[in-house]
Amino acid sequence: MTNRLKHLGMAALVAVCASLVACTGGNTSKKADAADSTHTKLYISKISLKEPERALAIIDTMEMNKELSSGDINYMRLMVYNNGLCDYKMSEYYASQVLKDSVWLKKNPELHCMLEILISDFARQNGRYTKCLKYAEQAVETARRYKNKMYELSAQAAVAHSLTALGDVESAFKIFAGVKDEVMRECGESTDFNTLNNAFTFIGNYFELLMENKRYKEAELLIPDFVKVNDNIGKVGSFIDGAVEYRQLHTYSMLMQYYDYCGKKEESARYKAMIVKSSLAETEFVQIMLCKHYFIVKDNDKLAEIVSVLRQKLETSNDTISKFFIDNVLNYEKYLCVAKGNYRKALEKQEAICNVQDSVSRQEQEADGRRLAKIYETQEKERLLIEKDAQLSRHQNIFIGLTVLMVLGLAFIVVLLLFNRKVNIRNKTIVATINQMMEKEDELMRLRLTGNNGAKNVNPDEMRLMQSLEMLKDDKDIEEIATSCGFRNTRAFGKKFFEYFGIQVDEYRKWSKNISNQEKASSDEAIHMKDSFIKNMSHEIRTPLNQIFGFVQLLTDPNIQLSDDEKRQYNDIIGSQTTYMTQMLNKFLEMSEYESSDAQLPKETIAIEELMNNVMAHVPSPKDGVEMNFSNKSGMKTIESNYKGLATIMESVVGNAVKFTDSGSINIECAVNADGDTIFTVTDTGKGIPEGEEERIFERFHKVDEFVPGAGLGLSLAREIAGRMDATVTLDRSNSSQGSTFVVTLK
């Protein structure tokens with residue numbers, strides 16, 4: 001307890017940090033074991049006064065277990081070093097560390113100001129007065145930025161304290177006097193400990209400054225406010241053991257000293273009695289108050305008695321090499337010797353004071369060394385934790401990369417299977433059509449020659465006509481075919497053919513050639529679709545996969561040192577390539593979904609402005625210098641159509657315009673034509689569509705420019721959807737200027 005009491009005063013109030021910690025993060029840490037109630041912010045705050053070393057040990061354990069953020073850990077250390085150990089140098093260091101933590105400050109914006117006030121106070125305690133004033137002024141600006149009046153007033157008090165330390169006492173008095181009434185108004189009847197604590201600190205500092213400068217009449221005017229705030233704090237209480245009682249004793253001591261200086265013995269005795277009745281009456285804290293009292297009233301016998309008790313306690317605890325021992329034992333003993341006329345003894349006391357001061361100076365140097373060692377130890381722990389996190393991050397990146405590759409591979413396989421299924425369905429349709437034609441041909445040829453007679457039932461004319469069917473599929477002349485099949489002439493052949501099959505020879509020849517051409521075209525189309533699919537996918541999927549794999553290797557290779565900016569850049573590339581592949585696979589799945597049914601899409605009411613805002617938000621941003629505008633000239637706010645389908649069509653058309661427009665503009669317009677149809681027109685100043693490509697651009701996998709990324713599915717998907725919602729998507733060639741114009745018409 002002695003170490004804590006050495007420097008206790010109005011400048012470093014015991015409950016400041018602790019009360020704030022309770023407001024920042026709740027009562028327990030998120031990762032604390034429910035059964036371990038010691039690993040909590042509240043518990044650390046509670047024991048920070050009486051068991052600071054134990055509190056620091058718990059904080060170290062919480063840091064290693066990563067139970068709290070680095071900002072919370074440093075803030076709790078600040079609280080313990082300030083409240084329990086009164087080590088203002090370490091307090092200043094940890095306060096500065098917290099102030100650097102932008103993430104923590106963002107979560108606790110109000111404490112930003114209080115941290116700067118504390119650093120200002122610590123700098124004053126450590127003799128750095130210029131820094132003290134700098135942080136006090138910063139605290140005022142921060143409080144105004146957060147619009148917190150009470151913290152602003154506390155910061156003003158810190159500025160006044162700084163000016164006092166720099167010797168500008170009158171300016172300090174002006175600040176105190178100017179904001180005192182505002183402090184009391186803010187305090188009012190508040191039951192919030194922080195607000196009352198700030199008010200108590202302000203009034204107490206003001207009162208002390210007036211006492212130091214012997215302005216007792218002005219100090220007397222503060223007494224009612226001082227007593228009122230002190231009583232309110234006593235009613236509210238604090239979760240820190242002993243905090244309220246220490247505050248009240250400090251208040252009684254200041255009032256007792258005031259009445260001592262003013263010669264009002266009865267009032268002084270009343271407050272002295274309150275101090276002596278306290279449960280802390282036997283502590284050094286109370287005894288130094290009584291020493292000050294007896295020194296002021298010149299009661300040398302009582303002063304000698306208490307100083308003797310203090311010496312015995314400090315000698316017993318081996319605490320005789322300290323500024324506390326000098327101020328509260330040796331200086332009083334020297335004064336008593338002079339008062340008794342024993343100047344030789346007084347000279348010995350002065351020599352003892354000089355010796356202890358030298359020892360204290362050496363002790364401070366050793367303490368600074370221990371502080372540096374503690375700081376280096378803390379920094380080393382932080383470095384080890386960062387390295388551990390980086391290693392975990394690398395492992396996570398490897399796992400995520402492999403997972404992404406597996407998911408993309410699986411998605412690719414699924415899409416390939418779905419596409420093959422589509423091709424198989426089309427092939428089955430073609431085969432079914434051919435089979436129907438063959439059945440019709442079989443019916444025409446009447447090859448159902450059944451019965452027990454076998455060849456006896458075969459009609460010679462029927463056999464010749466069956467032979468002519470195969471010959472008609474070639475380009476042979478009909479007369480030659482008739483002669484080859486044994487008919488007299490072409491007329492006889494045609495007559496028999498019509499009687500037997502019910503169709504003219506020329507019509508049958510034309511029909512059979514159509515079947516052959518359809519069969520060949522269907523087969524060629526299937527082969528072309530398969531080749532296009534393999535060609536596009538081998539490029540559009542392999543290229544981003546290679547990039548993802550390459551950058552994952554860079555990020556996870558322990559032999560390659562990368563900066564944070566490079567890591568961020570590579571992670572962004574991995575994310576963008578993954579998004580690109582996901583969008584492409586979604587298009588495949590969407591195409592399959594729309595091709596699986598011919599049913600019309602349901603209609604709904606669509607807000608035109610909302611639709612186009614969403615469309616322009618989903619397409620890529622235009623290149624620099626390209627303007628994209630939308631205008632609604634239809635006179636309508638809503639239309640009836642399918643929202644998802646129309647949005648996909650517009651995203652495909654507008655996305656193409658963005659992709660192929662390097663300069664100029666992209667204009668989107670909604671209007672109504674003469675037939676009452678709603679039309680969306682997308683006009684760009686890009687590369688345009690070459691002649692002869694008007695319909696091919698709507699084919700799947702067809703790309704006008706093979707060097708532009710994409711699978712060639714956008715316009716194909718748009719037309720597929722349009723077919724199911726009574727709409728059309730066309731290229732308008734009426735505009736002869738540079739670029740292209742696409743028209744989406746809703747019937």
# chains A, B, ... in the order shown; residues from 1 in each chain; ligands from 1

$ closest_atom_pairs --of "region 290-399 of chain A" --to "region 564-585 of chain A" --cutoff "12 Å" --atoms "only C-alpha atoms" --output "tab-separated table"
residue	atom	partner	partner_atom	distance
A:Ala390	CA	A:Asp564	CA	11.2
A:Ser393	CA	A:Lys567	CA	11.4
A:Arg394	CA	A:Lys567	CA	10.9
A:Asn397	CA	A:Asn571	CA	9.4

$ residues_around --residues "region 107-113 of chain A" --least-positions-apart "4" --cutoff "9 Å" --atoms "only C-alpha atoms" --output "list of chain:residue names"
A:Leu20, A:Thr24, A:Gly25, A:Leu99, A:Ser102, A:Val103, A:Ile117, A:Leu118, A:Gln138, A:Ala139, A:Val140, A:Glu141, A:Thr142, A:Ala143, A:Tyr146, A:Asn148, A:Tyr151, A:Glu152, A:Ala155

$ closest_residue --among "A:Arg144, A:Ala482, A:Leu56, A:Glu218" --to "Leu469 (chain A)" --atoms "only C-alpha atoms"
A:Ala482

$ residues_around --residues "Ser162 (chain A)" --least-positions-apart "3" --cutoff "6 Å" --atoms "only C-alpha atoms" --output "PDB file with C-alpha atoms, in the first residue's frame"
ATOM      1  CA  CYS A 132       1.594  18.229 -21.116  1.00  0.00           C
ATOM      2  CA  LEU A 133       0.104  21.379 -22.701  1.00  0.00           C
ATOM      3  CA  VAL A 159      -4.991  22.905 -20.025  1.00  0.00           C
ATOM      4  CA  ALA A 165       3.152  23.940 -14.486  1.00  0.00           C
TER       5      ALA A 165
END

$ residues_around --residues "Lys313 (chain A)" --least-positions-apart "4" --cutoff "12 Å" --atoms "only C-alpha atoms" --output "list in words"
Met1, Thr2, Glu282, Thr283, Glu284, Gln287, Ile306, Val307, Ser308, Val309, Ser317, Asn318, Asp319, Thr320, Phe325 and Val329 of chain A

$ write_last_selection --atoms "N, CA, C and O atoms" --output "PDB file, in the first residue's frame"
ATOM      1  N   MET A   1       0.829  -1.205   0.000  1.00  0.00           N
ATOM      2  CA  MET A   1       0.000   0.000   0.000  1.00  0.00           C
ATOM      3  C   MET A   1       0.864   1.256   0.000  1.00  0.00           C
ATOM      4  O   MET A   1       0.493   2.284  -0.554  1.00  0.00           O
ATOM      5  N   THR A   2       2.079   1.139   0.577  1.00  0.00           N
ATOM      6  CA  THR A   2       2.926   2.318   0.678  1.00  0.00           C
ATOM      7  C   THR A   2       3.218   2.903  -0.689  1.00  0.00           C
ATOM      8  O   THR A   2       3.123   4.104  -0.899  1.00  0.00           O
ATOM      9  N   GLU A 282      -5.245   4.410  10.516  1.00  0.00           N
ATOM     10  CA  GLU A 282      -3.894   3.968  10.879  1.00  0.00           C
ATOM     11  C   GLU A 282      -2.970   3.868   9.668  1.00  0.00           C
ATOM     12  O   GLU A 282      -1.815   3.466   9.819  1.00  0.00           O
ATOM     13  N   THR A 283      -3.444   4.214   8.522  1.00  0.00           N
ATOM     14  CA  THR A 283      -2.615   4.102   7.314  1.00  0.00           C
ATOM     15  C   THR A 283      -1.762   5.346   7.127  1.00  0.00           C
ATOM     16  O   THR A 283      -2.045   6.414   7.678  1.00  0.00           O
ATOM     17  N   GLU A 284      -0.689   5.188   6.303  1.00  0.00           N
ATOM     18  CA  GLU A 284       0.178   6.329   5.993  1.00  0.00           C
ATOM     19  C   GLU A 284      -0.619   7.438   5.308  1.00  0.00           C
ATOM     20  O   GLU A 284      -0.314   8.631   5.468  1.00  0.00           O
ATOM     21  N   GLN A 287      -2.122   9.469   8.000  1.00  0.00           N
ATOM     22  CA  GLN A 287      -1.097  10.055   8.870  1.00  0.00           C
ATOM     23  C   GLN A 287      -0.392  11.243   8.208  1.00  0.00           C
ATOM     24  O   GLN A 287      -0.047  12.218   8.880  1.00  0.00           O
ATOM     25  N   ILE A 306       3.500  11.712  15.334  1.00  0.00           N
ATOM     26  CA  ILE A 306       3.066  11.017  14.114  1.00  0.00           C
ATOM     27  C   ILE A 306       4.250  10.736  13.194  1.00  0.00           C
ATOM     28  O   ILE A 306       4.349   9.670  12.589  1.00  0.00           O
ATOM     29  N   VAL A 307       5.202  11.683  13.127  1.00  0.00           N
ATOM     30  CA  VAL A 307       6.381  11.475  12.288  1.00  0.00           C
ATOM     31  C   VAL A 307       7.178  10.280  12.798  1.00  0.00           C
ATOM     32  O   VAL A 307       7.711   9.480  12.006  1.00  0.00           O
ATOM     33  N   SER A 308       7.256  10.131  14.113  1.00  0.00           N
ATOM     34  CA  SER A 308       7.965   8.991  14.697  1.00  0.00           C
ATOM     35  C   SER A 308       7.293   7.673  14.291  1.00  0.00           C
ATOM     36  O   SER A 308       7.963   6.698  13.955  1.00  0.00           O
ATOM     37  N   VAL A 309       5.932   7.656  14.334  1.00  0.00           N
ATOM     38  CA  VAL A 309       5.195   6.448  13.931  1.00  0.00           C
ATOM     39  C   VAL A 309       5.446   6.136  12.453  1.00  0.00           C
ATOM     40  O   VAL A 309       5.672   4.981  12.069  1.00  0.00           O
ATOM     41  N   SER A 317       9.253  -1.582   6.845  1.00  0.00           N
ATOM     42  CA  SER A 317       8.989  -2.049   5.475  1.00  0.00           C
ATOM     43  C   SER A 317      10.156  -1.779   4.521  1.00  0.00           C
ATOM     44  O   SER A 317      10.023  -1.968   3.318  1.00  0.00           O
ATOM     45  N   ASN A 318      11.331  -1.316   5.109  1.00  0.00           N
ATOM     46  CA  ASN A 318      12.517  -1.025   4.297  1.00  0.00           C
ATOM     47  C   ASN A 318      12.203  -0.048   3.165  1.00  0.00           C
ATOM     48  O   ASN A 318      12.678  -0.206   2.035  1.00  0.00           O
ATOM     49  N   ASP A 319      11.413   0.969   3.501  1.00  0.00           N
ATOM     50  CA  ASP A 319      11.016   1.950   2.486  1.00  0.00           C
ATOM     51  C   ASP A 319      11.557   3.329   2.860  1.00  0.00           C
ATOM     52  O   ASP A 319      10.858   4.335   2.816  1.00  0.00           O
ATOM     53  N   THR A 320      12.844   3.363   3.227  1.00  0.00           N
ATOM     54  CA  THR A 320      13.452   4.625   3.645  1.00  0.00           C
ATOM     55  C   THR A 320      14.214   5.303   2.514  1.00  0.00           C
ATOM     56  O   THR A 320      14.746   6.398   2.710  1.00  0.00           O
ATOM     57  N   PHE A 325       9.648   9.246   1.938  1.00  0.00           N
ATOM     58  CA  PHE A 325      10.368   9.282   3.221  1.00  0.00           C
ATOM     59  C   PHE A 325      10.974  10.662   3.448  1.00  0.00           C
ATOM     60  O   PHE A 325      10.950  11.205   4.558  1.00  0.00           O
ATOM     61  N   VAL A 329       8.951  12.444   6.402  1.00  0.00           N
ATOM     62  CA  VAL A 329       9.682  12.110   7.632  1.00  0.00           C
ATOM     63  C   VAL A 329      10.866  13.064   7.822  1.00  0.00           C
ATOM     64  O   VAL A 329      10.916  13.849   8.768  1.00  0.00           O
TER      65      VAL A 329
END

$ closest_residue --among "A:Cys262, A:Val654, A:Leu545, A:Ile326" --to "Val297 (chain A)" --atoms "only C-alpha atoms"
A:Cys262
